[in-house]
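Trainee: Structure incoming, see below.
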Amino acid sequence: MQVAIYIYKDNERYRLELFQDENISITSSIQNVNDISKVFTDYSQSFTVPATPNNNKIFAHWYENSIDDGFNANKRYDAEIEINTVPFRKGRIELQSANRDNGNITHYSLVFYGTLKSLTDKFGEDKLINLTNLNDLISFTYNASSVVNSVVNSNTDDIAFPLISSDKAWQYGGGVNDISTSGGSIKYTELFPAIRVKKIFEAIENKYNVSFVGNFLNDKRFTELFLYAKNSEAFSFNSNVLDLDLTSISGTVAPNFDVDLTNNTIEYYGAFGNTNLIQFTFGVTTSLSETITKLHIYENGVLSRIVETTGSSTLNIIYYDTSTPETQIPTTFSFKLESNGVVTASNFGIYVIEDDTPNPDLIYNATVHTSGLASSILPIVSLLPDMKITDFFSGVLKMFNLTAYSENENEYNIEPLEDWYNAGVIRDITKYVNLDGEITRAPFYKVMNFQYEKSESLINRAFFDTFQREYGDLKYTFDTESDGDEYTIKLPFENLMHQKFSGTKLHVGYCLKSDLKPYVPKPILLYKYGNINTNVNFYLEGVARTSYNAFGQDIEKVTNEFHTLNWGLENSTLLNGVVENTLFSDYYLSYLSNIYNRKSRIIKIEGVADTYLMSVLKLNDRVVIRDKRYVINNIQTELNTGKINLELLTDFRAI
């Protein structure tokens with residue numbers, strides 16, 4: 001076999017020179033029965049390449065650390081492998097070491113990783129709050145009218161406000177927090193938003209220049225999934241910090257000032273004497289008396305102070321200055337504005353005041369007109385949970401038992417495991433393999449635990465106190481007499497249990513502990529069920545409402561086909577019945593049933609593949625050897641010889 005390895009550096013493609021006698025082995029696996037909660041990828045054992053002039057140039061003589069801007073061994077570089085000029089794998093190469101012998105560099109040690117590893121490399125340590133482009137993908141004007149519309153009217157918006165309280169324990173039909181009365185009305189500022197997960201995936205695509213494809217991404221079980229955006233105990237809206245635009249001047253500007261309308265700055269050159277002071281006045285207007293406005297003042301580009309006011313008011317900003325113009329370094333003032341509501345910026349008054357008398361004399365005054373409106377667009381990203389993108393992405397894969405695979409680095413196919421297998425080709429490889437080999441049973445687990453993160457919600461804790469288990473979790477015991485370990489699949493999300501008020505169709509949740517104090521939950525995923533008539537009134541923003549968009553664990557995919565985010569069978573708090581299509585039954589049961597079939601076997605065999613088989617065989621192909629069919633658990637390929645070591649699991653799926 002003629003092996004060629006290419007590496008991409010600085011947008012150029014380079015071919016590595018290889019040792020003629022060294023074999024390079026690639027191990028490939030997507031789903032492995034030994035660790036079913038993980039998605040695997042291609043990797044190679046460490047291999048070496050000679051320190052030829054060509055390779056030294058590619059690696060920029062990395063062994064010499066005195067070279068500036070040389071090869072960066074702290075990152076992985078895009079790479080391709082060809083066998084007899086036929087593409088075999090794409091992925092990334094990592095430089096691990098160089099070897100010196102008798103004063104000369106002899107070789108470099110490398111490792112090849114598959115495309116899924118490349119994706120997690122792109123994510124790095126980034127968190128959800130680094131998806132700043134999400135603010136461009138979703139624009140929501142935050143005010144009472146918009147939030148109420150999101151709650152009560154049927155819509156397909158990518159942002160929603162579930163009826164989940166983080167402020168007080170809502171009651172119905174009595175009590176101090178009775179939301180069936182205007183006095184107990186829910187305020188829109190009590191509600192946190194939820195973001196459509198499909199939109200977060202889109203933001204990931206845009207940020208990292210990748211694309212996700214697959215039928216499941218358009219399935220209602222994915223498109224109606226929302227991430228609850230709560231990273232603080234109480235909701236607080238803050239606008240983006242915006243530059244103030246200085247538009248025009250009226251009045252007399254003191255000689256020691258210069259107003260630059262182009263750069264939106266006011267420059268001050270020095271004092272008038274020891275007995276004078278300068279003062280800026282700045283006004284804001286808003287329709288809400290509780291709106292807090294902050295004016296950020298910068299001196300020479302450095303934030304010097306933040307002045308704050310509430311409601312519509314005028315700020316007086318005084319600067320005492322006892323220096324003289326000859327010794328004073330000019331100060332350039334610039335300004336930014338933020339608020340927790342919509343405010344309009346009034347104009348700057350610039351005053352020089354003589355302050356050595358009981359009634360100060362105004363020496364100079366001028367008005368600098370401004371154009372400024374604090375943005376009412378909800379800064380979505382700042383509300384997202386404190387979570388790494390890698391953990392979020394892998395958590396969603398684990399929840400639905402999804403595979404993520406790629407044949408080129410920028411496009412990733414995401415499908416439930418069983419759909420992925422069904423898309424594979426059935427290939428007879430009998431002629432390529434030696435039938436002799438080891439036959440073992442599949443690794444059995446006596447018990448498998450499917451879990452969420454523990455929820456501190458008062459409803460969840462009450463459920464645990466009653467049933468001694470967490471709501472939605474599943475402990476599945478297999479019918480086997482074999483001694484086996486327990487295996488746990490745990491999601492990085494919290495499963496927030498809801499409740500229905502008696503005699504109503506009103507379904508709500510609480511981010512309140514048992515002592516009724518608010519808490520910051522683990523990231524929460526919820527289904528948007530859709531718009532429901534409540535059959536009773538509840539008050540939101542002082543007005544009686546009769547419909548709302550319900551959120552919780554359950555979704556109706558088609559007529560009377562319900563699915564849930566619970567692992568096991570639970571009585572739905574929304575539907576008042578058991579939803580049988582659970583995460584376990586939908587996405588894990590079929591795969592595990594194949595493993596636990598009493599006829600299930602794992603076989604380990606060897607063979608020799610030609611270029612054709614090496615180029616077309618995919619990990620989701622079901623291979624036939626004589627009269628038996630298998631799925632590939634993992635495959636190790638020696639590139640130079642074509643030798644393959646296969647670990648196969650018997651396949652009893654329907655064709």
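By order in the structure tokens, chains are A, B, ...; within a chain, residues start at 1; ligands start at 1, following the order shown.
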Please report as JSON lines every residue of range 387-490 of chain A lying within 7 Å of range 75-90 of chain A, along with the nearest atom pair and their distance in Å (one decimal), using only C-alpha atoms.
Mentor:
{"residue": "A:Glu407", "atom": "CA", "partner": "A:Lys90", "partner_atom": "CA", "distance": 6.8}
{"residue": "A:Asn408", "atom": "CA", "partner": "A:Lys90", "partner_atom": "CA", "distance": 6.3}
{"residue": "A:Glu409", "atom": "CA", "partner": "A:Lys90", "partner_atom": "CA", "distance": 6.9}
Trainee: Could you state the separation of CA of Leu575 in chain A and CA of Asp554 in chain A in Å, given to one decimal place?
Mentor: 8.1 Å
Trainee: Smallest atom-to-atom distance to Thr564 in chain A: which of A:Glu299, A:Asp610, A:Asp136, A:Glu224, using only C-alpha atoms?
Mentor: A:Glu224
Trainee: So that I can see what lies close to range 436-440 of chain A, please list as number ranges by chain the residues with an atom at most 10 Å from it, counting only C-alpha atoms and leaving out residues fewer than 5 positions away in the same chain.
Mentor: A: 600-606, 646-649
Trainee: A:Ser346, A:Thr223, A:Ser313, A:Ser166: which is nearest Val508 in chain A, counting only C-alpha atoms?
Mentor: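 Among the listed residues, the smallest separation from Val508 in chain A belongs to A:Ser166.
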Trainee: With only C-alpha atoms as the basis for distance, which of A:Asn72, A:Thr331, A:Thr488, A:Thr281 is at the shortest distance from Lys398 in chain A?
Mentor: A:Thr488
Trainee: Between CA of Thr332 in chain A and CA of Tyr269 in chain A, what is the spacing in Å?
Mentor: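 Computing the Euclidean distance for CA of Tyr269 in chain A and CA of Thr332 in chain A yields 8.7 Å.
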Trainee: Please return, as number ranges by chain, all residues of range 257-492 of chain A that DSSP assigns to strand (DSSP E or B) on the basis of the backbone.
Mentor: A: 257-260, 265-268, 276-286, 292-299, 302-310, 313-320, 331-339, 343-354, 361-371, 373, 377, 388, 402-408, 411-416, 426-428, 433-440, 447-453, 474-477, 486-492
Trainee: Under the rule that only C-alpha atoms are counted, which of A:Ala654, A:Asp586, A:Val608, A:Ser150 is the nearest residue to Gln636 in chain A?
Mentor: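 Closest candidate: A:Val608.
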Trainee: Just how far from CA of Ile200 in chain A is CA of Ser139 in chain A, in Å to one decimal?
Mentor: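 CA of Ile200 in chain A lies at a distance of 13.5 Å from CA of Ser139 in chain A.
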Trainee: For Tyr548 in chain A, which of A:Leu583, A:Ala366, A:Leu506, A:Leu491 is the closest residue, counting only C-alpha atoms?
Mentor: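 Closest to Tyr548 in chain A of all the choices is A:Leu506.
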Trainee: Skip Val197 in chain A itself and residues of its chain fewer than 5 positions away, then list as number ranges by chain all residues within 7 Å of it, counting only C-alpha atoms.
Mentor: A: 225-227
Trainee: Would you give me, as number ranges by chain, the residues in range 292-462 of chain A that DSSP reads as alpha helix (DSSP H)?
Mentor: A: 389-399, 417-422, 458-462
Trainee: With N, CA and C atoms kept, could you save the residues just selected as a tab-separated table (two decimals), in the first residue's frame?
Mentor:
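Writing done, so here's again.tsv:
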chain	number	residue	atom	x	y	z
A	389	ILE	N	-19.24	24.83	25.95
A	389	ILE	CA	-19.93	24.41	24.73
A	389	ILE	C	-19.75	22.91	24.52
A	390	THR	N	-18.54	22.41	24.81
A	390	THR	CA	-18.29	20.97	24.67
A	390	THR	C	-19.23	20.16	25.54
A	391	ASP	N	-19.45	20.59	26.79
A	391	ASP	CA	-20.34	19.86	27.69
A	391	ASP	C	-21.79	19.94	27.23
A	392	PHE	N	-22.19	21.11	26.73
A	392	PHE	CA	-23.56	21.26	26.23
A	392	PHE	C	-23.78	20.36	25.02
A	393	PHE	N	-22.85	20.41	24.07
A	393	PHE	CA	-22.98	19.64	22.83
A	393	PHE	C	-22.99	18.14	23.13
A	394	SER	N	-22.03	17.68	23.93
A	394	SER	CA	-21.96	16.25	24.24
A	394	SER	C	-23.16	15.82	25.09
A	395	GLY	N	-23.68	16.73	25.92
A	395	GLY	CA	-24.86	16.41	26.72
A	395	GLY	C	-26.08	16.17	25.87
A	396	VAL	N	-26.26	16.97	24.82
A	396	VAL	CA	-27.39	16.77	23.91
A	396	VAL	C	-27.21	15.46	23.14
A	397	LEU	N	-25.97	15.17	22.70
A	397	LEU	CA	-25.72	13.89	22.02
A	397	LEU	C	-26.08	12.72	22.92
A	398	LYS	N	-25.66	12.80	24.18
A	398	LYS	CA	-25.90	11.71	25.13
A	398	LYS	C	-27.40	11.57	25.43
A	399	MET	N	-28.11	12.68	25.52
A	399	MET	CA	-29.54	12.65	25.83
A	399	MET	C	-30.31	11.83	24.81
A	417	LEU	N	-28.49	6.88	17.11
A	417	LEU	CA	-27.64	5.74	16.80
A	417	LEU	C	-28.33	4.74	15.88
A	418	GLU	N	-29.58	4.38	16.18
A	418	GLU	CA	-30.26	3.38	15.35
A	418	GLU	C	-30.51	3.89	13.94
A	419	ASP	N	-30.80	5.17	13.77
A	419	ASP	CA	-30.96	5.74	12.43
A	419	ASP	C	-29.65	5.69	11.68
A	420	TRP	N	-28.56	5.92	12.42
A	420	TRP	CA	-27.22	5.89	11.80
A	420	TRP	C	-26.91	4.48	11.29
A	421	TYR	N	-27.20	3.46	12.10
A	421	TYR	CA	-26.98	2.09	11.65
A	421	TYR	C	-27.87	1.76	10.44
A	422	ASN	N	-29.11	2.20	10.47
A	422	ASN	CA	-30.03	1.90	9.38
A	422	ASN	C	-29.59	2.54	8.06
A	458	LEU	N	-38.28	22.77	44.89
A	458	LEU	CA	-39.13	22.26	45.97
A	458	LEU	C	-40.03	21.12	45.50
A	459	ILE	N	-40.46	21.13	44.24
A	459	ILE	CA	-41.32	20.05	43.74
A	459	ILE	C	-40.51	18.77	43.57
A	460	ASN	N	-39.30	18.89	43.02
A	460	ASN	CA	-38.44	17.72	42.88
A	460	ASN	C	-38.09	17.10	44.23
A	461	ARG	N	-37.80	17.98	45.22
A	461	ARG	CA	-37.44	17.44	46.53
A	461	ARG	C	-38.63	16.76	47.19
A	462	ALA	N	-39.84	17.31	46.98
A	462	ALA	CA	-41.03	16.67	47.54
A	462	ALA	C	-41.26	15.30	46.89
Trainee: Taking only C-alpha atoms into account, name the residue in A:Ala169, A:Leu540, A:Ile24, A:Ile129 that is nearest to Gly183 in chain A.
Mentor: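 Among A:Ala169, A:Leu540, A:Ile24, A:Ile129, it is A:Leu540 that comes nearest to Gly183 in chain A.
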Trainee: Extract, using only C-alpha atoms, all DNA, RNA and protein residues at most 8 Å from range 469-474 of chain A, discarding same-chain residues fewer than 6 positions from it, and format them as an NGL selection string.
Mentor: :A and (449-452 or 454 or 460 or 463 or 495 or 497 or 565-570)
Trainee: Let me see the file: selected residues, N, CA and C atoms, as a PDB file, in the first residue's frame.
Mentor:
ATOM      1  N   ASN A 449     -27.964   2.846  35.180  1.00  0.00           N
ATOM      2  CA  ASN A 449     -28.618   4.031  35.728  1.00  0.00           C
ATOM      3  C   ASN A 449     -28.623   5.140  34.680  1.00  0.00           C
ATOM      4  N   PHE A 450     -29.769   5.729  34.475  1.00  0.00           N
ATOM      5  CA  PHE A 450     -29.910   6.858  33.558  1.00  0.00           C
ATOM      6  C   PHE A 450     -30.371   8.049  34.393  1.00  0.00           C
ATOM      7  N   GLN A 451     -29.531   9.074  34.465  1.00  0.00           N
ATOM      8  CA  GLN A 451     -29.766  10.121  35.458  1.00  0.00           C
ATOM      9  C   GLN A 451     -29.621  11.530  34.878  1.00  0.00           C
ATOM     10  N   TYR A 452     -30.281  12.459  35.577  1.00  0.00           N
ATOM     11  CA  TYR A 452     -30.064  13.894  35.431  1.00  0.00           C
ATOM     12  C   TYR A 452     -29.267  14.386  36.641  1.00  0.00           C
ATOM     13  N   LYS A 454     -29.045  16.417  40.021  1.00  0.00           N
ATOM     14  CA  LYS A 454     -30.028  16.597  41.088  1.00  0.00           C
ATOM     15  C   LYS A 454     -30.621  18.004  41.046  1.00  0.00           C
ATOM     16  N   ASN A 460     -39.304  18.892  43.024  1.00  0.00           N
ATOM     17  CA  ASN A 460     -38.445  17.721  42.882  1.00  0.00           C
ATOM     18  C   ASN A 460     -38.095  17.104  44.228  1.00  0.00           C
ATOM     19  N   PHE A 463     -41.010  15.207  45.579  1.00  0.00           N
ATOM     20  CA  PHE A 463     -41.143  13.925  44.882  1.00  0.00           C
ATOM     21  C   PHE A 463     -40.154  12.916  45.458  1.00  0.00           C
ATOM     22  N   ASN A 495     -33.506  18.185  35.553  1.00  0.00           N
ATOM     23  CA  ASN A 495     -34.849  17.847  35.074  1.00  0.00           C
ATOM     24  C   ASN A 495     -35.877  18.502  35.994  1.00  0.00           C
ATOM     25  N   MET A 497     -39.092  19.421  37.555  1.00  0.00           N
ATOM     26  CA  MET A 497     -40.460  18.923  37.643  1.00  0.00           C
ATOM     27  C   MET A 497     -41.428  20.093  37.786  1.00  0.00           C
ATOM     28  N   LEU A 565     -38.915  13.848  27.972  1.00  0.00           N
ATOM     29  CA  LEU A 565     -37.505  13.976  28.322  1.00  0.00           C
ATOM     30  C   LEU A 565     -37.150  13.171  29.560  1.00  0.00           C
ATOM     31  N   ASN A 566     -38.125  12.510  30.143  1.00  0.00           N
ATOM     32  CA  ASN A 566     -37.841  11.625  31.276  1.00  0.00           C
ATOM     33  C   ASN A 566     -37.164  10.361  30.777  1.00  0.00           C
ATOM     34  N   TRP A 567     -36.229   9.845  31.568  1.00  0.00           N
ATOM     35  CA  TRP A 567     -35.580   8.587  31.215  1.00  0.00           C
ATOM     36  C   TRP A 567     -36.558   7.418  31.329  1.00  0.00           C
ATOM     37  N   GLY A 568     -37.316   7.421  32.414  1.00  0.00           N
ATOM     38  CA  GLY A 568     -38.210   6.294  32.675  1.00  0.00           C
ATOM     39  C   GLY A 568     -39.667   6.701  32.637  1.00  0.00           C
ATOM     40  N   LEU A 569     -40.529   5.723  32.892  1.00  0.00           N
ATOM     41  CA  LEU A 569     -41.971   5.962  32.882  1.00  0.00           C
ATOM     42  C   LEU A 569     -42.361   6.794  34.093  1.00  0.00           C
ATOM     43  N   GLU A 570     -42.980   7.924  33.824  1.00  0.00           N
ATOM     44  CA  GLU A 570     -43.477   8.809  34.878  1.00  0.00           C
ATOM     45  C   GLU A 570     -44.872   9.287  34.499  1.00  0.00           C
TER      46      GLU A 570
END
Trainee: Mind checking which residues fall within 10 Å of Lys168 in chain A, counting only C-alpha atoms, ignoring those fewer than 4 positions away in the same chain, and posting them as a CSV table (one decimal) with N, CA and C atoms, in the first residue's frame?
Mentor:
chain,number,residue,atom,x,y,z
A,164,ILE,N,-42.2,29.7,35.0
A,164,ILE,CA,-41.4,29.2,36.0
A,164,ILE,C,-41.0,30.3,36.9
A,176,VAL,N,-51.3,34.2,49.7
A,176,VAL,CA,-50.8,35.6,49.5
A,176,VAL,C,-50.2,35.8,48.1
A,177,ASN,N,-49.9,34.7,47.4
A,177,ASN,CA,-49.4,34.8,46.1
A,177,ASN,C,-50.4,34.1,45.1
A,186,ILE,N,-48.7,37.8,38.2
A,186,ILE,CA,-47.3,37.6,37.9
A,186,ILE,C,-46.8,38.8,37.1
A,190,GLU,N,-40.5,38.8,36.5
A,190,GLU,CA,-40.2,37.6,37.3
A,190,GLU,C,-39.7,36.4,36.4
A,510,TYR,N,-41.0,25.8,39.4
A,510,TYR,CA,-40.4,26.7,40.4
A,510,TYR,C,-38.9,26.5,40.5
A,511,CYS,N,-38.1,27.5,40.3
A,511,CYS,CA,-36.7,27.5,40.7
A,511,CYS,C,-36.6,28.1,42.1
A,512,LEU,N,-37.3,27.4,43.0
A,512,LEU,CA,-37.3,27.8,44.4
A,512,LEU,C,-36.9,26.5,45.2
A,516,LEU,N,-38.2,28.1,50.0
A,516,LEU,CA,-38.8,29.2,49.1
A,516,LEU,C,-37.8,30.2,48.7
A,517,LYS,N,-36.5,29.9,48.9
A,517,LYS,CA,-35.5,30.8,48.4
A,517,LYS,C,-35.1,30.5,47.0
A,518,PRO,N,-34.8,31.4,46.1
A,518,PRO,CA,-34.5,31.1,44.7
A,518,PRO,C,-33.1,30.5,44.7
Trainee: Show which residues sit within 10 Å of Tyr476 in chain A, as JSON, numbers by chain. Count only C-alpha atoms, and ignore same-chain residues fewer than 6 positions away.
Mentor: {"A": [445, 446, 447, 448, 449, 450, 486, 487, 568, 584]}
